[in-house]
Amino acid sequence: MSTRPDLLYSEEEEALRAAVRDLLTDHCDTAGVIARIETDAPHDLALWKTLADGMGLAGLLAPEDRGGQGATHREAAVVLEELGRAVAPVPYLTSAVVATEALLACADGDEPLAALASGRRIGALAVGLHTAPGAAFATVRREDSALHGRLSGIADAAVADVLLVPADDGGLYAVEAGAVTLTPQTSLDLTRPVAEVTLDGAPGRRLGDAEPAVRRALRAGAGLLASEQLGLADRSLTETLRHLKERKQFNRPVGGFQALKHRLARLWLEIAGLRAAARGAADALATGEDTDVAVAVAQAYAAPVAVRAAEEALQLHGGIGMTWEHPVHLFLKRAKADSTAHGTAGAHREALAGLVDLRAP
């Protein structure tokens, strides 16, 4: 018997939000993020160490008996909301969510799972960031007990210590990062770079079956990505409201003009809807109730809203929004990149239609 999803935040979740936001306020200001993406090392590994090791956030989804914190997707969603607000250049989604979920589905994944949960190591699932849950994914060739092939669009591979690689024999293999060759690929979002991974006789240890592990990992990644998009959209609206209250024309705040009030009100309503969809997906992942439907609904709705929020922020900030020094471009690039991560909104709408038996004739 299904139960109604709990879309509200608990006291513990609000306390977690406050702690993560305070940390990001002190250690992840937008000026620092912009300065970092101008270098060859955009990831903030010091911040990641504090989040993963100091606060124990890398292991939220891992059970306590497997080295984690034993929390749920609801808590991980709150963390991702705050990371989205800050456009934090850390591999939380890729390592603490996607790679962790893949390992949870593997019979022999306990050792690497404990290392990821403790923050000692960073993991990355070697499946293209664009891949939707349930979609076909590329594999490498296993020959003579070694792995050969090339995989593209692998997010955060540059900082991964271990790659989880699907092979053509149906297995998921743990491959040390030092055994592969990485070639950076052009990414719109410089805070979440992608790379091509080349394996030329790389040794790998089989952890389990690739199909269920990848399916589980991508479903969790898509569902919790909506929370990152929620944080990003909410921050875009907040910054826009602040600017329109301060900016004056004809000796009155720009935000007082009726046309702009209407635009912001519509955006606020859309973000409220996104919050409900994102919380629904997080709750469904935590409880196992109607998970596929909730994830598809969240991703069908999240990307257009997050992109529109960032676009509105850019337009309503006027000329300063077009400058590199202003953080609006960080919001827009992350929103656009997220709109194709783990499947487009169109792909999720098509999946939703199949799940509820409403396919087009």
# chains A, B, ... in the order shown; residues from 1 in each chain; ligands from 1
>>> residues_around(residues="Val180 in chain A", least_positions_apart="2", cutoff="6 Å", atoms="only C-alpha atoms", output="short mmCIF file (atom, residue, chain, number, x, y, z; two decimals) with N, CA, C and O atoms, in the first residue's frame")
data_model
loop_
_atom_site.label_atom_id
_atom_site.label_comp_id
_atom_site.auth_asym_id
_atom_site.auth_seq_id
_atom_site.Cartn_x
_atom_site.Cartn_y
_atom_site.Cartn_z
N ALA A 177 42.69 5.05 -11.02
CA ALA A 177 42.80 6.19 -11.94
C ALA A 177 44.16 6.24 -12.62
O ALA A 177 44.27 6.67 -13.77
N GLY A 178 45.18 5.78 -11.96
CA GLY A 178 46.52 5.81 -12.54
C GLY A 178 46.70 4.84 -13.70
O GLY A 178 47.69 4.93 -14.43
N THR A 198 40.50 6.63 -21.48
CA THR A 198 41.04 5.61 -22.38
C THR A 198 41.69 4.50 -21.57
O THR A 198 42.55 4.77 -20.71
N LEU A 199 41.25 3.27 -21.81
CA LEU A 199 41.83 2.11 -21.13
C LEU A 199 42.56 1.27 -22.16
O LEU A 199 41.96 0.82 -23.14
#
>>> select_by_dssp(residues="range 156-351 of chain A", states="strand (DSSP E or B)", output="PyMOL selection string")
chain A and resi 162-167+171-176+181-185+194-202+205-209+248-249+252-253
>>> closest_residue(among="A:Arg4, A:His43, A:Arg150, A:Arg247", to="Gly128 in chain A", atoms="only C-alpha atoms")
A:Arg150
>>> residues_around(residues="Glu82 in chain A", least_positions_apart="4", cutoff="9 Å", atoms="only C-alpha atoms", output="ChimeraX atom specification")
/A:17,20-21,24,77-78,86-88,227-228,231-232
>>> select_by_dssp(residues="range 167-344 of chain A", states="helix (DSSP H, G or I)", output="ChimeraX atom specification")
/A:177-179,210-246,254-256,258-287,291-316,318-322,328-338
>>> closest_residue(among="A:Ala96, A:Glu211, A:Ala124, A:Ala157", to="Thr139 in chain A", atoms="only C-alpha atoms")
A:Glu211
>>> closest_atom_pairs(of="range 187-218 of chain A", to="range 129-138 of chain A", cutoff="10 Å", atoms="only C-alpha atoms", output="JSON lines")
{"residue": "A:Val194", "atom": "CA", "partner": "A:Leu129", "partner_atom": "CA", "distance": 8.1}
{"residue": "A:Glu211", "atom": "CA", "partner": "A:Gly134", "partner_atom": "CA", "distance": 9.1}
{"residue": "A:Pro212", "atom": "CA", "partner": "A:Gly134", "partner_atom": "CA", "distance": 9.5}
{"residue": "A:Val214", "atom": "CA", "partner": "A:Pro133", "partner_atom": "CA", "distance": 8.0}
{"residue": "A:Arg215", "atom": "CA", "partner": "A:Pro133", "partner_atom": "CA", "distance": 5.7}
{"residue": "A:Arg216", "atom": "CA", "partner": "A:Pro133", "partner_atom": "CA", "distance": 7.8}
{"residue": "A:Ala217", "atom": "CA", "partner": "A:Pro133", "partner_atom": "CA", "distance": 8.1}
{"residue": "A:Leu218", "atom": "CA", "partner": "A:Pro133", "partner_atom": "CA", "distance": 4.9}
>>> atom_distance(atom1="CA of Ala155 in chain A", atom2="CA of Pro193 in chain A")
5.9 Å
>>> closest_residue(among="A:Leu260, A:Leu57, A:Ala195, A:Leu103", to="Ala158 in chain A", atoms="only C-alpha atoms")
A:Ala195
>>> residues_around(residues="Glu311 in chain A", least_positions_apart="6", cutoff="12 Å", atoms="only C-alpha atoms", output="MDAnalysis selection string")
chainID A and resid 232:233 236:237 240 263 267 304:305 317:318 321:322 328:336
